[in-house]
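Undergrad: My questions all concern the structure below.
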Amino acid sequence: MKDGKNVILCIDDDADVLNALRLVLEKNDYIMVEAATAEEGLKVYKSECPDFIIVDMMMEVVDAGRNFAKELKLLDNKAPLYMLSSVGDSLTTNVDFSDLNLDGVFQKPIDFNTLLTTIKVKLK
């Protein structure tokens, strides 16, 4: 939390996705910090201590999001962690949430009402 607002870390290599997330999150009184790569995301995570994290599954390399989630687990992350995916519902059968310490998956294109409701519930 910073200045009384929850900090949301969004990691995606698509600038349009990050811009859309920023518009929605800031309009709803959240602070968004961002990264375009998993490596940069780890640096931002360590410096900003976000309250909620959204990471794209496939960025600069196919498993970048999965590897990021594994790193956070090693760091004993306590913030809710959601994967952002465009691969469809098959992700829920192909990814072991407990192995990655994920709280869930948002499908692209993201439904912003679902996103905001999920954030509100997880941050209570």
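If you're wondering about the labels, chains in the structure tokens are A, B, ... by order shown, residues count from 1 in each chain, ligands from 1 in order shown.
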What's around A:Glu60 at 9 Å? Count only C-alpha atoms, leave out sequence neighbours fewer than 3 positions away in its own chain, and write the answer as an NGL selection string.
TA: :A and (13 or 36-38 or 63-64)
Undergrad: Residues as selected, all heavy atoms, written as a tab-separated table (two decimals), in the first residue's frame, can you do that?
TA:
```
chain	number	residue	atom	x	y	z
A	13	ASP	N	4.07	-7.89	-21.91
A	13	ASP	CA	4.91	-7.29	-22.95
A	13	ASP	C	4.09	-6.53	-23.99
A	13	ASP	O	4.64	-5.95	-24.92
A	13	ASP	CB	5.79	-8.35	-23.63
A	13	ASP	CG	5.01	-9.46	-24.29
A	13	ASP	OD1	3.78	-9.53	-24.10
A	13	ASP	OD2	5.63	-10.27	-25.00
A	36	ALA	N	7.50	-4.89	-18.43
A	36	ALA	CA	7.27	-5.49	-19.75
A	36	ALA	C	7.90	-6.88	-19.87
A	36	ALA	O	7.64	-7.58	-20.84
A	36	ALA	CB	7.81	-4.57	-20.85
A	37	THR	N	8.71	-7.26	-18.89
A	37	THR	CA	9.33	-8.59	-18.89
A	37	THR	C	9.24	-9.19	-17.49
A	37	THR	O	9.08	-8.45	-16.51
A	37	THR	CB	10.82	-8.53	-19.29
A	37	THR	OG1	11.55	-7.83	-18.27
A	37	THR	CG2	11.02	-7.84	-20.64
A	38	ALA	N	9.39	-10.49	-17.42
A	38	ALA	CA	9.37	-11.15	-16.12
A	38	ALA	C	10.56	-10.71	-15.27
A	38	ALA	O	10.42	-10.49	-14.06
A	38	ALA	CB	9.38	-12.67	-16.31
A	63	ASP	N	7.42	-19.46	-21.39
A	63	ASP	CA	7.09	-19.71	-19.99
A	63	ASP	C	7.50	-18.59	-19.05
A	63	ASP	O	7.66	-18.81	-17.84
A	63	ASP	CB	7.76	-21.01	-19.53
A	63	ASP	CG	6.97	-22.24	-19.96
A	63	ASP	OD1	5.77	-22.10	-20.21
A	63	ASP	OD2	7.57	-23.33	-20.03
A	64	ALA	N	7.62	-17.37	-19.55
A	64	ALA	CA	8.07	-16.27	-18.71
A	64	ALA	C	7.16	-16.06	-17.50
A	64	ALA	O	7.64	-15.88	-16.38
A	64	ALA	CB	8.17	-14.98	-19.53
```
Undergrad: Could you list, with a cut-off of 12 Å and counting only C-alpha atoms, the residues of stretch 22-46 of chain A near stretch 75-86 of chain A, each shown with its nearest atom pair and the distance in Å rounded to one decimal, rows sorted by chain and ascending number, as CSV?
TA:
```
residue,atom,partner,partner_atom,distance
A:Leu42,CA,A:Leu75,CA,10.0
A:Tyr45,CA,A:Asn77,CA,9.5
A:Lys46,CA,A:Leu75,CA,9.4
```
Undergrad: Run DSSP on the backbone and tell me which residues of stretch 5-114 of chain A come out as strand (DSSP E); list them as a VMD selection string.
TA: chain A and resid 7 to 11 31 to 35 52 to 56 81 to 85 104 to 107
Undergrad: Create the file for the chosen residues now, containing N, CA, C and O atoms and written as an mmCIF file, in the first residue's frame.
TA:
```
data_model
loop_
_atom_site.group_PDB
_atom_site.id
_atom_site.type_symbol
_atom_site.label_atom_id
_atom_site.label_comp_id
_atom_site.auth_asym_id
_atom_site.auth_seq_id
_atom_site.Cartn_x
_atom_site.Cartn_y
_atom_site.Cartn_z
ATOM 1 N N VAL A 7 -1.395 -1.155 -4.264
ATOM 2 C CA VAL A 7 -0.491 -1.161 -5.411
ATOM 3 C C VAL A 7 -0.676 -2.476 -6.174
ATOM 4 O O VAL A 7 -0.576 -3.559 -5.601
ATOM 5 N N ILE A 8 -0.945 -2.351 -7.467
ATOM 6 C CA ILE A 8 -1.142 -3.503 -8.338
ATOM 7 C C ILE A 8 0.017 -3.560 -9.324
ATOM 8 O O ILE A 8 0.277 -2.592 -10.053
ATOM 9 N N LEU A 9 0.719 -4.693 -9.352
ATOM 10 C CA LEU A 9 1.809 -4.903 -10.314
ATOM 11 C C LEU A 9 1.253 -5.660 -11.505
ATOM 12 O O LEU A 9 0.674 -6.742 -11.348
ATOM 13 N N CYS A 10 1.419 -5.084 -12.696
ATOM 14 C CA CYS A 10 0.969 -5.707 -13.937
ATOM 15 C C CYS A 10 2.186 -5.941 -14.823
ATOM 16 O O CYS A 10 2.941 -5.001 -15.105
ATOM 17 N N ILE A 11 2.357 -7.182 -15.265
ATOM 18 C CA ILE A 11 3.503 -7.548 -16.091
ATOM 19 C C ILE A 11 2.982 -8.122 -17.400
ATOM 20 O O ILE A 11 2.305 -9.165 -17.410
ATOM 21 N N ILE A 31 -3.076 2.129 -7.433
ATOM 22 C CA ILE A 31 -1.808 2.551 -8.029
ATOM 23 C C ILE A 31 -1.296 1.366 -8.827
ATOM 24 O O ILE A 31 -1.191 0.253 -8.303
ATOM 25 N N MET A 32 -0.993 1.590 -10.097
ATOM 26 C CA MET A 32 -0.464 0.511 -10.924
ATOM 27 C C MET A 32 1.012 0.743 -11.184
ATOM 28 O O MET A 32 1.429 1.825 -11.558
ATOM 29 N N VAL A 33 1.800 -0.308 -10.947
ATOM 30 C CA VAL A 33 3.200 -0.322 -11.359
ATOM 31 C C VAL A 33 3.301 -1.422 -12.403
ATOM 32 O O VAL A 33 2.513 -2.364 -12.404
ATOM 33 N N GLU A 34 4.252 -1.284 -13.311
ATOM 34 C CA GLU A 34 4.266 -2.216 -14.437
ATOM 35 C C GLU A 34 5.662 -2.653 -14.813
ATOM 36 O O GLU A 34 6.659 -2.044 -14.412
ATOM 37 N N ALA A 35 5.677 -3.720 -15.607
ATOM 38 C CA ALA A 35 6.913 -4.237 -16.179
ATOM 39 C C ALA A 35 6.551 -4.912 -17.504
ATOM 40 O O ALA A 35 5.453 -5.446 -17.651
ATOM 41 N N PHE A 52 -1.165 -6.824 -5.060
ATOM 42 C CA PHE A 52 -1.848 -7.722 -6.001
ATOM 43 C C PHE A 52 -0.993 -7.767 -7.262
ATOM 44 O O PHE A 52 -0.444 -6.735 -7.665
ATOM 45 N N ILE A 53 -0.893 -8.948 -7.886
ATOM 46 C CA ILE A 53 -0.011 -9.108 -9.046
ATOM 47 C C ILE A 53 -0.753 -9.795 -10.179
ATOM 48 O O ILE A 53 -1.431 -10.812 -9.970
ATOM 49 N N ILE A 54 -0.591 -9.244 -11.386
ATOM 50 C CA ILE A 54 -1.126 -9.843 -12.607
ATOM 51 C C ILE A 54 0.048 -10.021 -13.557
ATOM 52 O O ILE A 54 0.758 -9.050 -13.856
ATOM 53 N N VAL A 55 0.268 -11.252 -14.020
ATOM 54 C CA VAL A 55 1.391 -11.509 -14.920
ATOM 55 C C VAL A 55 0.905 -12.276 -16.146
ATOM 56 O O VAL A 55 0.146 -13.236 -16.032
ATOM 57 N N ASP A 56 1.327 -11.820 -17.316
ATOM 58 C CA ASP A 56 1.007 -12.512 -18.557
ATOM 59 C C ASP A 56 1.779 -13.825 -18.597
ATOM 60 O O ASP A 56 2.946 -13.887 -18.194
ATOM 61 N N LEU A 81 -1.755 -13.586 -6.639
ATOM 62 C CA LEU A 81 -1.070 -13.671 -7.928
ATOM 63 C C LEU A 81 -1.995 -14.297 -8.960
ATOM 64 O O LEU A 81 -2.457 -15.427 -8.781
ATOM 65 N N TYR A 82 -2.257 -13.557 -10.024
ATOM 66 C CA TYR A 82 -3.127 -14.014 -11.099
ATOM 67 C C TYR A 82 -2.365 -14.032 -12.416
ATOM 68 O O TYR A 82 -1.636 -13.085 -12.729
ATOM 69 N N MET A 83 -2.563 -15.107 -13.163
ATOM 70 C CA MET A 83 -1.964 -15.242 -14.485
ATOM 71 C C MET A 83 -2.939 -14.659 -15.502
ATOM 72 O O MET A 83 -4.156 -14.826 -15.377
ATOM 73 N N LEU A 84 -2.406 -13.978 -16.482
ATOM 74 C CA LEU A 84 -3.189 -13.428 -17.585
ATOM 75 C C LEU A 84 -2.867 -14.278 -18.802
ATOM 76 O O LEU A 84 -1.687 -14.445 -19.148
ATOM 77 N N SER A 85 -3.886 -14.845 -19.442
ATOM 78 C CA SER A 85 -3.629 -15.799 -20.512
ATOM 79 C C SER A 85 -4.574 -15.623 -21.685
ATOM 80 O O SER A 85 -5.743 -15.314 -21.506
ATOM 81 N N GLY A 104 -5.397 -17.622 -9.376
ATOM 82 C CA GLY A 104 -6.344 -17.805 -10.468
ATOM 83 C C GLY A 104 -5.793 -17.307 -11.784
ATOM 84 O O GLY A 104 -4.632 -16.923 -11.891
ATOM 85 N N VAL A 105 -6.683 -17.305 -12.789
ATOM 86 C CA VAL A 105 -6.320 -16.915 -14.148
ATOM 87 C C VAL A 105 -7.372 -15.956 -14.689
ATOM 88 O O VAL A 105 -8.570 -16.185 -14.517
ATOM 89 N N PHE A 106 -6.924 -14.900 -15.333
ATOM 90 C CA PHE A 106 -7.797 -14.014 -16.091
ATOM 91 C C PHE A 106 -7.560 -14.308 -17.565
ATOM 92 O O PHE A 106 -6.405 -14.361 -18.006
ATOM 93 N N GLN A 107 -8.633 -14.498 -18.304
ATOM 94 C CA GLN A 107 -8.515 -14.749 -19.732
ATOM 95 C C GLN A 107 -8.480 -13.435 -20.507
ATOM 96 O O GLN A 107 -9.165 -12.483 -20.148
#
```
Undergrad: What is the distance between atom CA of A:Lys5 and atom CA of A:Tyr30, in Å to one decimal?
TA: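 Atom CA of A:Lys5 sits 5.7 Å away from atom CA of A:Tyr30.
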